[in-house]
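Student: Please find data32.tsv (TSV, C-alpha atoms and all ligand atoms) on the next line:
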chain	number	residue	atom	x	y	z
P	175	MET	CA	103.43	66.21	56.19
P	176	THR	CA	100.16	67.68	57.47
P	177	LYS	CA	101.12	67.71	61.16
P	178	THR	CA	103.15	70.84	60.64
P	179	LEU	CA	102.52	73.41	57.95
P	180	ILE	CA	105.97	74.03	56.47
P	181	PRO	CA	105.27	75.82	53.14
P	182	ILE	CA	108.41	74.63	51.41
P	183	ARG	CA	107.42	71.02	52.01
P	184	ILE	CA	104.06	71.64	50.34
P	185	CYS	CA	105.86	73.17	47.33
P	186	LEU	CA	108.11	70.10	47.11
P	187	PHE	CA	105.10	67.82	47.41
P	188	ILE	CA	103.22	69.65	44.63
P	189	ALA	CA	106.30	69.73	42.38
P	190	GLY	CA	106.98	66.03	43.02
P	191	THR	CA	103.36	65.08	42.27
P	192	VAL	CA	103.25	67.16	39.06
P	193	THR	CA	106.56	65.66	37.90
P	194	LEU	CA	105.31	62.17	38.65
P	195	ILE	CA	102.15	62.79	36.61
P	196	GLU	CA	104.30	64.18	33.79
P	197	LEU	CA	106.50	61.06	33.88
P	198	VAL	CA	103.47	58.75	33.85
P	199	LEU	CA	102.04	60.66	30.87
P	200	VAL	CA	105.34	60.53	29.00
P	201	TYR	CA	105.60	56.83	29.75
P	202	GLY	CA	102.01	56.27	28.55
P	203	LEU	CA	102.57	58.25	25.36
P	204	SER	CA	105.85	56.40	24.72
P	205	LEU	CA	104.12	53.06	25.13
P	206	ALA	CA	101.42	54.17	22.69
P	207	GLY	CA	104.19	55.15	20.28
P	208	LYS	CA	103.10	58.75	20.21
P	209	LEU	CA	106.25	60.05	21.79
P	210	GLN	CA	109.81	58.96	21.39
P	211	LEU	CA	112.25	60.49	23.86
P	212	THR	CA	115.70	59.49	25.01
P	213	GLY	CA	116.46	58.92	28.71
P	214	THR	CA	118.32	62.26	28.92
P	215	GLU	CA	115.38	64.13	27.39
P	216	ILE	CA	113.00	62.52	29.87
P	217	LEU	CA	115.31	63.49	32.73
P	218	ILE	CA	115.67	67.10	31.51
P	219	GLY	CA	111.89	67.29	31.03
P	220	ALA	CA	111.32	65.98	34.57
P	221	ILE	CA	113.79	68.52	36.03
P	222	LEU	CA	112.12	71.35	34.09
P	223	PHE	CA	108.67	70.26	35.20
P	224	PHE	CA	109.82	69.90	38.79
P	225	SER	CA	111.52	73.35	38.84
P	226	ALA	CA	108.61	75.14	37.14
P	227	SER	CA	105.93	73.61	39.35
P	228	TYR	CA	108.07	74.21	42.44
P	229	GLY	CA	108.58	77.90	41.47
P	230	ILE	CA	104.93	78.49	40.63
P	231	SER	CA	103.58	76.79	43.78
P	232	TYR	CA	106.17	78.64	45.92
P	233	PHE	CA	105.01	81.98	44.48
P	234	PHE	CA	101.30	81.27	44.94
P	235	ILE	CA	101.58	79.71	48.37
P	236	LYS	CA	103.76	82.56	49.65
P	237	ASN	CA	101.31	85.16	48.28
P	238	TYR	CA	98.35	83.30	49.70
P	239	LEU	CA	99.90	83.00	53.16
P	240	GLN	CA	101.04	86.62	53.13
P	241	LYS	CA	97.49	87.73	52.32
P	242	LYS	CA	95.71	85.49	54.81
P	243	LEU	CA	98.16	85.80	57.68
P	244	GLY	CA	98.55	89.49	56.90
P	245	GLN	CA	94.94	89.99	57.94
P	246	ILE	CA	95.60	88.32	61.29
P	247	TYR	CA	98.76	90.35	61.88
P	248	LYS	CA	96.99	93.55	60.84
P	249	ALA	CA	94.41	92.94	63.58
P	250	ILE	CA	97.20	92.41	66.11
P	251	ARG	CA	99.03	95.53	64.89
P	252	ARG	CA	95.87	97.61	65.13
P	253	TYR	CA	95.53	96.46	68.71
P	254	HIS	CA	99.14	97.46	69.34
P	255	ARG	CA	98.41	100.77	67.53
P	256	THR	CA	101.37	100.28	65.21
P	257	PRO	CA	99.58	100.01	61.84
P	258	ASN	CA	102.56	101.21	59.81
P	259	THR	CA	105.10	98.63	60.82
P	260	PRO	CA	105.74	96.09	58.01
P	261	LEU	CA	104.08	92.71	58.20
P	262	PRO	CA	106.28	89.87	59.37
P	263	HIS	CA	108.27	87.83	56.89
P	264	ILE	CA	106.47	84.56	56.10
P	265	PRO	CA	108.90	81.80	57.09
P	266	MET	CA	108.67	79.36	54.17
P	267	THR	CA	111.00	76.88	55.81
P	268	GLN	CA	109.32	76.82	59.19
P	269	ASP	CA	105.95	75.85	60.57
P	270	VAL	CA	103.93	79.02	59.84
P	271	LEU	CA	100.87	78.00	61.78
P	272	ASP	CA	102.99	77.33	64.84
P	273	GLN	CA	104.42	80.87	64.71
P	274	VAL	CA	100.97	82.39	64.07
P	275	GLN	CA	99.53	80.37	66.90
P	276	LYS	CA	102.23	81.67	69.27
P	277	ASP	CA	101.71	85.27	68.16
P	278	VAL	CA	97.92	85.04	68.43
P	279	THR	CA	98.14	83.35	71.84
P	280	GLN	CA	100.46	86.10	73.09
P	281	TRP	CA	98.10	88.72	71.67
P	282	ALA	CA	95.08	87.05	73.32
P	283	GLN	CA	96.93	86.95	76.65
P	284	GLU	CA	97.81	90.65	76.40
P	285	LEU	CA	94.20	91.42	75.50
P	286	ASP	CA	92.99	89.36	78.44
P	287	GLN	CA	95.36	91.16	80.78
P	288	GLN	CA	94.19	94.52	79.44
P	289	VAL	CA	90.55	93.62	79.98
P	290	LYS	CA	91.38	92.58	83.55
P	291	THR	CA	93.23	95.84	84.20
P	292	GLN	CA	90.34	97.85	82.72
P	293	THR	CA	87.84	96.00	84.90
P	294	GLN	CA	89.99	96.59	87.98
P	295	LEU	CA	90.32	100.27	87.08
P	296	ALA	CA	86.58	100.58	86.59
P	297	ASP	CA	85.97	98.93	90.01
P	298	TYR	CA	88.59	101.18	91.54
P	299	ARG	CA	87.03	104.30	89.98
P	300	ARG	CA	83.57	103.31	91.17
P	301	ALA	CA	84.84	102.67	94.71
P	302	PHE	CA	86.81	105.90	94.65
P	303	ILE	CA	83.83	108.02	93.55
P	304	GLY	CA	81.67	106.34	96.20
P	305	ASN	CA	84.25	106.95	98.94
P	306	PHE	CA	84.97	110.48	97.81
P	307	SER	CA	81.33	111.57	97.73
P	308	HIS	CA	80.77	109.89	101.08
P	309	GLU	CA	83.77	111.75	102.55
P	310	ILE	CA	82.75	115.20	101.36
P	311	GLN	CA	79.05	114.69	102.04
P	312	THR	CA	79.34	115.07	105.83
P	313	PRO	CA	81.26	118.38	105.91
P	314	ILE	CA	79.11	119.83	103.12
P	315	PHE	CA	75.86	118.93	104.89
P	316	ASN	CA	77.28	120.24	108.16
P	317	ILE	CA	78.18	123.59	106.57
P	318	GLN	CA	74.74	123.77	104.95
P	319	GLY	CA	73.11	123.02	108.34
P	320	TYR	CA	75.06	125.75	110.17
P	321	ILE	CA	74.40	128.36	107.47
P	322	GLU	CA	70.66	127.57	107.31
P	323	THR	CA	70.33	127.73	111.10
P	324	LEU	CA	72.12	131.08	111.12
P	325	LEU	CA	69.88	132.38	108.33
P	326	ASP	CA	66.81	131.15	110.19
P	327	GLY	CA	67.58	133.57	113.00
P	328	ALA	CA	70.49	132.13	114.97
P	329	ILE	CA	72.62	134.89	113.46
P	330	ASN	CA	71.09	137.29	115.97
P	331	ASP	CA	72.35	135.29	118.92
P	332	ASP	CA	75.96	136.39	119.52
P	333	GLN	CA	77.07	133.12	121.15
P	334	VAL	CA	75.37	130.74	118.72
P	335	ARG	CA	76.57	132.79	115.75
P	336	LEU	CA	80.20	132.48	116.77
P	337	LYS	CA	79.88	128.79	117.61
P	338	TYR	CA	78.21	127.93	114.31
P	339	LEU	CA	80.65	129.98	112.27
P	340	ASN	CA	83.53	128.20	114.01
P	341	GLN	CA	81.96	124.82	113.26
P	342	ALA	CA	81.35	125.77	109.63
P	343	SER	CA	84.97	126.91	109.37
P	344	LYS	CA	86.20	123.56	110.80
P	345	ASN	CA	84.22	121.73	108.14
P	346	VAL	CA	85.67	123.94	105.41
P	347	THR	CA	89.16	123.12	106.75
P	348	ARG	CA	88.25	119.45	106.57
P	349	LEU	CA	87.15	119.78	102.93
P	350	ILE	CA	90.39	121.61	102.12
P	351	SER	CA	92.45	118.83	103.77
P	352	ILE	CA	90.67	116.19	101.67
P	353	VAL	CA	91.20	118.14	98.44
P	354	GLU	CA	94.85	118.87	99.28
P	355	ASP	CA	95.60	115.22	100.10
P	356	LEU	CA	93.85	114.04	96.94
P	357	THR	CA	95.78	116.55	94.85
P	358	THR	CA	99.03	115.27	96.37
P	359	ILE	CA	98.09	111.66	95.63
P	360	SER	CA	97.02	112.35	92.06
P	361	LYS	CA	100.23	114.30	91.40
P	362	LEU	CA	102.26	111.43	92.82
P	363	GLU	CA	100.30	108.88	90.78
P	364	TYR	CA	100.76	110.79	87.54
P	365	ASN	CA	104.45	111.35	88.31
P	366	GLN	CA	103.93	115.10	88.34
P	367	VAL	CA	105.95	115.37	91.50
P	368	VAL	CA	109.59	115.30	90.53
P	369	MET	CA	111.56	113.91	93.45
P	370	GLU	CA	114.64	115.94	94.12
P	371	PHE	CA	117.08	113.45	95.52
P	372	GLU	CA	119.90	114.73	97.66
P	373	TYR	CA	121.94	113.71	100.70
P	374	PHE	CA	120.56	114.98	104.00
P	375	ASP	CA	120.73	114.28	107.70
P	376	ILE	CA	117.70	112.21	108.71
P	377	ILE	CA	118.26	112.97	112.43
P	378	ASP	CA	117.96	116.69	111.73
P	379	LEU	CA	114.79	116.16	109.69
P	380	VAL	CA	113.16	113.98	112.37
P	381	LYS	CA	113.96	116.62	115.02
P	382	ASP	CA	112.32	119.27	112.82
P	383	VAL	CA	109.15	117.22	112.39
P	384	LEU	CA	109.05	116.43	116.11
P	385	ASP	CA	109.27	120.16	116.93
P	386	GLU	CA	106.43	120.83	114.52
P	387	LEU	CA	104.22	118.18	116.10
P	388	ALA	CA	105.17	118.89	119.71
P	389	LEU	CA	102.02	120.91	120.45
P	390	LYS	CA	99.72	118.32	118.89
P	391	ALA	CA	101.45	115.60	120.94
P	392	LYS	CA	101.11	117.63	124.13
P	393	GLU	CA	97.40	118.17	123.51
P	394	SER	CA	96.95	114.41	123.13
P	395	ASN	CA	99.19	113.65	126.10
P	396	ILE	CA	101.68	111.68	124.02
P	397	THR	CA	105.44	111.78	124.61
P	398	LEU	CA	107.60	111.91	121.48
P	399	LYS	CA	111.07	110.36	121.59
P	400	LEU	CA	113.93	110.09	119.13
P	401	ASN	CA	116.37	107.20	119.44
P	402	SER	CA	119.33	107.49	117.09
P	403	HIS	CA	121.49	105.00	119.01
P	404	GLY	CA	124.28	107.44	119.76
P	405	HIS	CA	124.59	108.88	116.27
P	406	SER	CA	124.58	112.66	116.03
P	407	PHE	CA	123.95	112.61	112.30
P	408	LEU	CA	122.98	110.00	109.71
P	409	THR	CA	123.19	110.96	106.08
P	410	VAL	CA	120.63	109.38	103.75
P	411	LYS	CA	119.64	109.84	100.13
P	412	GLY	CA	116.14	110.99	99.23
P	413	ASP	CA	113.85	113.94	98.67
P	414	PRO	CA	113.91	115.69	102.08
P	415	MET	CA	110.57	117.48	101.53
P	416	ALA	CA	108.83	114.24	100.59
P	417	ILE	CA	110.44	112.28	103.45
P	418	ARG	CA	109.37	115.08	105.77
P	419	GLN	CA	105.79	114.46	104.69
P	420	VAL	CA	106.20	110.70	105.28
P	421	LEU	CA	107.54	111.33	108.80
P	422	SER	CA	104.89	113.91	109.52
P	423	ASN	CA	102.03	111.59	108.45
P	424	LEU	CA	103.38	108.60	110.39
P	425	ILE	CA	104.19	110.52	113.57
P	426	SER	CA	100.81	112.32	113.39
P	427	ASN	CA	99.14	108.90	113.20
P	428	ALA	CA	101.15	107.69	116.21
P	429	ILE	CA	99.74	110.70	118.08
P	430	LYS	CA	96.18	110.39	116.70
P	431	TYR	CA	95.90	106.69	117.47
P	432	GLY	CA	97.89	106.75	120.70
P	433	LYS	CA	96.53	106.10	124.17
P	434	LYS	CA	96.47	108.80	126.83
P	435	LYS	CA	99.95	109.23	128.34
P	436	GLY	CA	101.24	107.12	125.51
P	437	GLN	CA	104.54	107.28	123.74
P	438	ALA	CA	105.79	107.42	120.16
P	439	THR	CA	109.43	106.62	119.44
P	440	ILE	CA	111.27	107.36	116.24
P	441	ASN	CA	113.93	104.71	116.06
P	442	LEU	CA	116.79	105.17	113.59
P	443	LEU	CA	118.87	102.06	112.90
P	444	ASN	CA	122.15	102.54	111.09
P	445	MET	CA	122.80	99.58	108.78
P	446	ASP	CA	125.56	98.94	106.23
P	447	THR	CA	124.04	100.61	103.19
P	448	TYR	CA	120.77	101.98	104.55
P	449	VAL	CA	119.06	103.46	107.56
P	450	ILE	CA	115.89	101.88	108.96
P	451	VAL	CA	113.35	104.44	110.17
P	452	GLN	CA	110.79	103.03	112.60
P	453	ILE	CA	107.86	104.89	114.13
P	454	ILE	CA	106.81	102.86	117.14
P	455	ASP	CA	103.77	103.67	119.25
P	456	ASN	CA	102.06	101.99	122.18
P	457	GLY	CA	98.64	103.11	121.02
P	458	ILE	CA	95.40	101.37	120.12
P	459	GLY	CA	97.01	98.99	117.61
P	460	ILE	CA	95.44	97.54	114.49
P	461	GLU	CA	93.80	94.17	113.94
P	462	GLN	CA	95.69	91.99	111.46
P	463	LYS	CA	92.83	91.87	108.92
P	464	HIS	CA	93.03	95.65	108.38
P	465	ILE	CA	96.78	95.93	107.85
P	466	GLN	CA	96.86	95.05	104.14
P	467	HIS	CA	94.24	97.75	103.38
P	468	LEU	CA	95.70	100.63	105.41
P	469	CYS	CA	97.37	102.29	102.41
P	470	ASP	CA	94.16	102.22	100.30
P	471	ARG	CA	92.60	105.60	99.78
P	472	PHE	CA	90.02	106.50	102.43
P	473	TYR	CA	90.56	103.25	104.31
P	474	ARG	CA	90.11	103.71	108.03
P	475	VAL	CA	89.78	101.20	110.80
P	476	ASN	CA	87.83	103.50	113.03
P	477	LYS	CA	86.13	106.15	110.92
P	478	SER	CA	84.76	108.29	113.74
P	479	ARG	CA	88.11	108.43	115.59
P	480	SER	CA	89.94	109.34	112.40
P	481	ARG	CA	87.44	112.10	111.52
P	482	LEU	CA	87.42	113.38	115.08
P	483	LYS	CA	91.20	113.74	114.88
P	484	GLY	CA	91.01	115.47	111.51
P	485	GLY	CA	92.13	112.45	109.48
P	486	THR	CA	91.26	112.19	105.80
P	487	GLY	CA	92.02	108.48	105.35
P	488	LEU	CA	94.61	109.46	102.74
P	489	GLY	CA	97.76	109.89	104.85
P	490	LEU	CA	99.16	106.37	104.45
P	491	SER	CA	98.28	106.33	100.75
P	492	ILE	CA	100.50	109.41	100.34
P	493	VAL	CA	103.26	107.73	102.40
P	494	LYS	CA	103.10	104.64	100.21
P	495	HIS	CA	103.39	106.67	96.99
P	496	ILE	CA	106.33	108.73	98.25
P	497	LEU	CA	108.20	105.63	99.41
P	498	GLU	CA	107.52	103.94	96.07
P	499	ALA	CA	109.11	106.93	94.36
P	500	HIS	CA	112.16	106.17	96.55
P	501	ASN	CA	112.00	102.48	95.50
P	502	GLN	CA	111.06	101.62	99.06
P	503	SER	CA	107.97	100.27	100.76
P	504	LEU	CA	106.21	100.73	104.06
P	505	SER	CA	106.19	97.82	106.45
P	506	ILE	CA	103.48	97.71	109.11
P	507	SER	CA	103.29	95.48	112.15
P	508	SER	CA	100.84	95.83	114.97
P	509	VAL	CA	99.42	94.15	118.03
P	510	TYR	CA	95.81	95.06	118.57
P	511	GLY	CA	95.42	96.97	121.83
P	512	LYS	CA	99.19	97.25	122.34
P	513	GLY	CA	100.62	99.41	119.57
P	514	SER	CA	102.02	99.59	116.06
P	515	THR	CA	105.30	99.93	114.22
P	516	PHE	CA	105.57	101.57	110.81
P	517	ALA	CA	108.98	101.24	109.16
P	518	PHE	CA	110.83	102.00	105.94
P	519	HIS	CA	114.40	102.07	104.62
P	520	LEU	CA	116.41	104.93	103.21
P	521	GLU	CA	119.58	104.48	101.20
P	522	LYS	CA	122.70	105.93	102.79
R	1	LIG	P1	93.77	108.92	108.62
R	1	LIG	O1	93.70	110.28	108.06
R	1	LIG	O2	92.41	108.32	108.85
R	1	LIG	O3	94.65	108.83	109.81
R	1	LIG	P2	95.70	107.28	107.25
R	1	LIG	O4	95.76	106.89	105.83
R	1	LIG	O5	96.86	108.03	107.81
R	1	LIG	O6	94.35	108.04	107.44
R	1	LIG	O7	95.53	105.97	108.08
R	1	LIG	C1	94.55	105.02	107.71
R	1	LIG	C2	94.00	104.30	108.93
R	1	LIG	O8	95.03	103.48	109.49
R	1	LIG	C3	93.60	105.22	110.05
R	1	LIG	O9	92.29	105.68	109.89
R	1	LIG	C4	93.72	104.31	111.26
R	1	LIG	O10	92.57	103.54	111.41
R	1	LIG	C5	94.88	103.39	110.89
R	1	LIG	N1	96.14	103.81	111.51
R	1	LIG	C6	97.13	104.53	110.92
R	1	LIG	N2	98.15	104.71	111.74
R	1	LIG	C7	97.82	104.08	112.89
R	1	LIG	C8	98.49	103.88	114.17
R	1	LIG	N3	99.70	104.38	114.40
R	1	LIG	N4	97.82	103.19	115.10
R	1	LIG	C9	96.61	102.65	114.87
R	1	LIG	N5	95.93	102.80	113.72
R	1	LIG	C10	96.53	103.50	112.74
Please express what this file holds, its structure, as C-alpha cells.
Ligand code: ADP

Tutor:
Amino acid sequence: MTKTLIPIRICLFIAGTVTLIELVLVYGLSLAGKLQLTGTEILIGAILFFSASYGISYFFIKNYLQKKLGQIYKAIRRYHRTPNTPLPHIPMTQDVLDQVQKDVTQWAQELDQQVKTQTQLADYRRAFIGNFSHEIQTPIFNIQGYIETLLDGAINDDQVRLKYLNQASKNVTRLISIVEDLTTISKLEYNQVVMEFEYFDIIDLVKDVLDELALKAKESNITLKLNSHGHSFLTVKGDPMAIRQVLSNLISNAIKYGKKKGQATINLLNMDTYVIVQIIDNGIGIEQKHIQHLCDRFYRVNKSRSRLKGGTGLGLSIVKHILEAHNQSLSISSVYGKGSTFAFHLEK
C-alpha cells in the first residue's frame, strides 16, 4: 500500500478503517446492552460510515495534494515561463508521486541542459571577445604607429609619407574586412539573412567566380580549372548569391594556401538528386588535428600566412553557416603537404 502513492487506495483504507472501528463500537455497545440494532441497520450504518469517510478523505486528500504538488508545478511553470497555464489534474487513481517524480526529473534535466548551454555560451563569448580584440589590435596599433610617425615629422618626406599612408590604408581595409565578415556571420546566426532559393546553373556561377578571382590566382601563380565532366549546364537549387560567397571563399582559400605553380580544380559531379561541388587544391594541406576546428571563428592554422594573404579567419565560418541554411554541410579532407579538398552538396 505504501510502495506506491495511489490516493484512491488511501481513501479506501481510511474508509475501511473508520467503518471497522464503527462496527467494533456498535458490537461493543450491543454487547453492553446499550444499543440494539438489527443486522440490516448495522449494514446500512456501515455503508453510510464507509461512504461518508470515503467522501471526506477523498476531498481532503485531493485538496492537500493539489496544494502541495501545485507548489512544485508552479516552480516548474515559472521556469517554463508559462505561469498562467492551469495546474495539472491530480490523478487520484494513479501513483501521484511517480508522475511528480517523472515531471521533476524532466525539469531537472532541462535545467541541467540549460546551465550547460549557458556555460558553453559564456565560454564561447569569452573566447570570441579575446579573439576579436586580438584580431583588431594589430591593425589598430599599426595605424596608430604610422600616424604618429607621420606626425613626428615623416609627413615632410614625400616617399615615407606615401608609403606610410598606403600601409595605414591597408590596415583600415583589414579592419573593414573583419567587421564585414563578422556582420555577415552575425546576420546568418540570427537568421537575418533570408535565403532566396531558386534554380540556377552552378556551372555558370562557378565560371563567374573563377573570372572574378583570375587576377588573384595569376598573382599567386595558381592555375584555376573547372571540371564539369562534359556537362554544359547543371541546374541546382539554392540561393545563388550565398552560394557565390561559398565558392568565392573556398576558391580564394585554394589560392591563398596553394603552392607556387599550384592548381585548384572545381570539380562538379552530377548525381541522381544532387550535385557534388568539390574544390580541390594541391597546396600546403592541413594537419588532421586542425580540420575539426577550421570552421570556428578566427581559427587559423598558420596565422601569419593567413594575415599576409588578407585572411580574417572567418571565411570558413561563413561558408558553414550558408551551407547550414541550405541544409548541407562542408566536408573537408586534406593531406598535409599535398593538398586539400573542400566539398558540399546542392540539391538538383
Ligand atoms: P582565413 O581568412 O584565415 O583564410 P578561413 O576561415 O577561410 O580563414 O580559413 C581558416 C583556416 O583554414 C585558414 O587560416 C587556413 O589555415 C586553413 N585553410 C583554409 N582553406 C585552406 C586550404 N585550401 N588549404 C590549406 N589550409 C586552408

Student: Mind giving me the axis-aligned box for ligand LIG 1 (chain R) with 4 Å on every side, centre plus edges in Å to one decimal, as lines of an AutoDock Vina configuration file?

Tutor:
center_x = 96.0
center_y = 106.5
center_z = 110.5
size_x = 15.4
size_y = 15.6
size_z = 17.3

Student: List all protein, DNA and RNA residues that have an atom no more than 7 Å from any atom of ligand LIG 1 (chain R), counting all atoms listed in the file, and report them as a PyMOL selection string.

Tutor: chain P and resi 423-424+427-428+431-432+455+457-460+468-469+471-477+480-481+484-491+513-514

Student: Need to verify the contact set: Ile317 of chain P, 10 Å, all atoms listed in the file, exclusion of same-chain residues closer than 2 positions in sequence. Can you return it as a count of residues only?

Tutor: 17

Student: State, in Å with one decimal place, the distance from atom CA of Val451 of chain P to atom CA of Ala517 of chain P.

Tutor: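 Atom-to-atom, atom CA of Val451 of chain P to atom CA of Ala517 of chain P, that is 5.5 Å.
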
Student: Pick out the residues sitting within 12 Å of Thr357 of chain P, and hand them over as a list in words; count all atoms listed in the file, and ignore anything fewer than 6 positions along from it in its own chain.

Tutor: Ile350, Ser351, Glu363, Tyr364, Gln366, Val367, Leu488 and Ile492 of chain P

Student: Which value, in Å to one decimal, gives the distance between atom CA of Ile465 of chain P and atom CA of Asp446 of chain P?

Tutor: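 Atom CA of Asp446 of chain P lies at a distance of 29.0 Å from atom CA of Ile465 of chain P.
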
Student: For atom CA of Gln245 of chain P and atom CA of Asp272 of chain P, quote the distance in Å rounded to one decimal.

Tutor: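 Computing the Euclidean distance for atom CA of Gln245 of chain P and atom CA of Asp272 of chain P yields 16.5 Å.
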
Student: I need the residue nearest Lys433 of chain P from this list: P:Val493, P:Lys512, P:Gln502, P:Tyr298. Use all atoms listed in the file for the distance.

Tutor: P:Lys512

Student: Got a sec to write segment 333-397 of chain P of the block to a file, C-alpha atoms, as a compact mmCIF listing (two decimals), in the first residue's frame?

Tutor:
# COMPACT_ATOMS: atom_id res chain seq x y z
CA GLN P 333 58.36 58.95 -50.11
CA VAL P 334 57.84 57.92 -46.49
CA ARG P 335 54.54 59.82 -46.35
CA LEU P 336 53.11 57.89 -49.28
CA LYS P 337 54.41 54.56 -48.02
CA TYR P 338 53.00 55.06 -44.53
CA LEU P 339 49.66 56.29 -45.79
CA ASN P 340 49.43 53.21 -48.03
CA GLN P 341 50.24 50.95 -45.08
CA ALA P 342 47.70 52.71 -42.87
CA SER P 343 45.11 52.32 -45.63
CA LYS P 344 45.86 48.55 -45.91
CA ASN P 345 45.26 48.19 -42.18
CA VAL P 346 41.98 50.08 -42.44
CA THR P 347 40.94 47.70 -45.24
CA ARG P 348 41.82 44.81 -42.97
CA LEU P 349 39.65 46.20 -40.16
CA ILE P 350 36.79 46.69 -42.62
CA SER P 351 37.12 43.06 -43.83
CA ILE P 352 36.93 41.79 -40.24
CA VAL P 353 33.87 43.91 -39.46
CA GLU P 354 32.15 42.94 -42.73
CA ASP P 355 32.77 39.22 -42.18
CA LEU P 356 31.57 39.43 -38.59
CA THR P 357 28.44 41.29 -39.67
CA THR P 358 27.74 38.56 -42.24
CA ILE P 359 28.21 35.83 -39.63
CA SER P 360 26.03 37.52 -37.03
CA LYS P 361 23.28 38.11 -39.61
CA LEU P 362 23.46 34.45 -40.63
CA GLU P 363 23.43 33.32 -36.99
CA TYR P 364 20.40 35.44 -36.14
CA ASN P 365 18.63 34.32 -39.32
CA GLN P 366 18.51 37.88 -40.57
CA VAL P 367 19.66 36.74 -43.97
CA VAL P 368 16.66 35.38 -45.80
CA MET P 369 17.86 32.82 -48.30
CA GLU P 370 16.21 33.28 -51.64
CA PHE P 371 16.09 29.82 -53.08
CA GLU P 372 15.83 29.44 -56.82
CA TYR P 373 17.04 27.16 -59.60
CA PHE P 374 20.29 28.26 -61.22
CA ASP P 375 23.13 26.89 -63.29
CA ILE P 376 26.05 26.07 -60.99
CA ILE P 377 28.49 25.86 -63.95
CA ASP P 378 27.67 29.44 -64.90
CA LEU P 379 28.13 30.61 -61.30
CA VAL P 380 31.49 28.82 -60.92
CA LYS P 381 32.71 30.40 -64.18
CA ASP P 382 31.71 33.83 -62.87
CA VAL P 383 33.60 33.35 -59.60
CA LEU P 384 36.64 32.00 -61.46
CA ASP P 385 36.67 35.11 -63.69
CA GLU P 386 36.49 37.29 -60.60
CA LEU P 387 39.42 35.52 -58.95
CA ALA P 388 41.53 35.13 -62.09
CA LEU P 389 43.81 38.07 -61.28
CA LYS P 390 44.36 36.95 -57.69
CA ALA P 391 45.20 33.44 -58.94
CA LYS P 392 47.63 34.83 -61.51
CA GLU P 393 49.39 36.92 -58.88
CA SER P 394 49.84 33.79 -56.75
CA ASN P 395 50.84 31.67 -59.73
CA ILE P 396 47.92 29.28 -59.31
CA THR P 397 46.03 27.75 -62.23
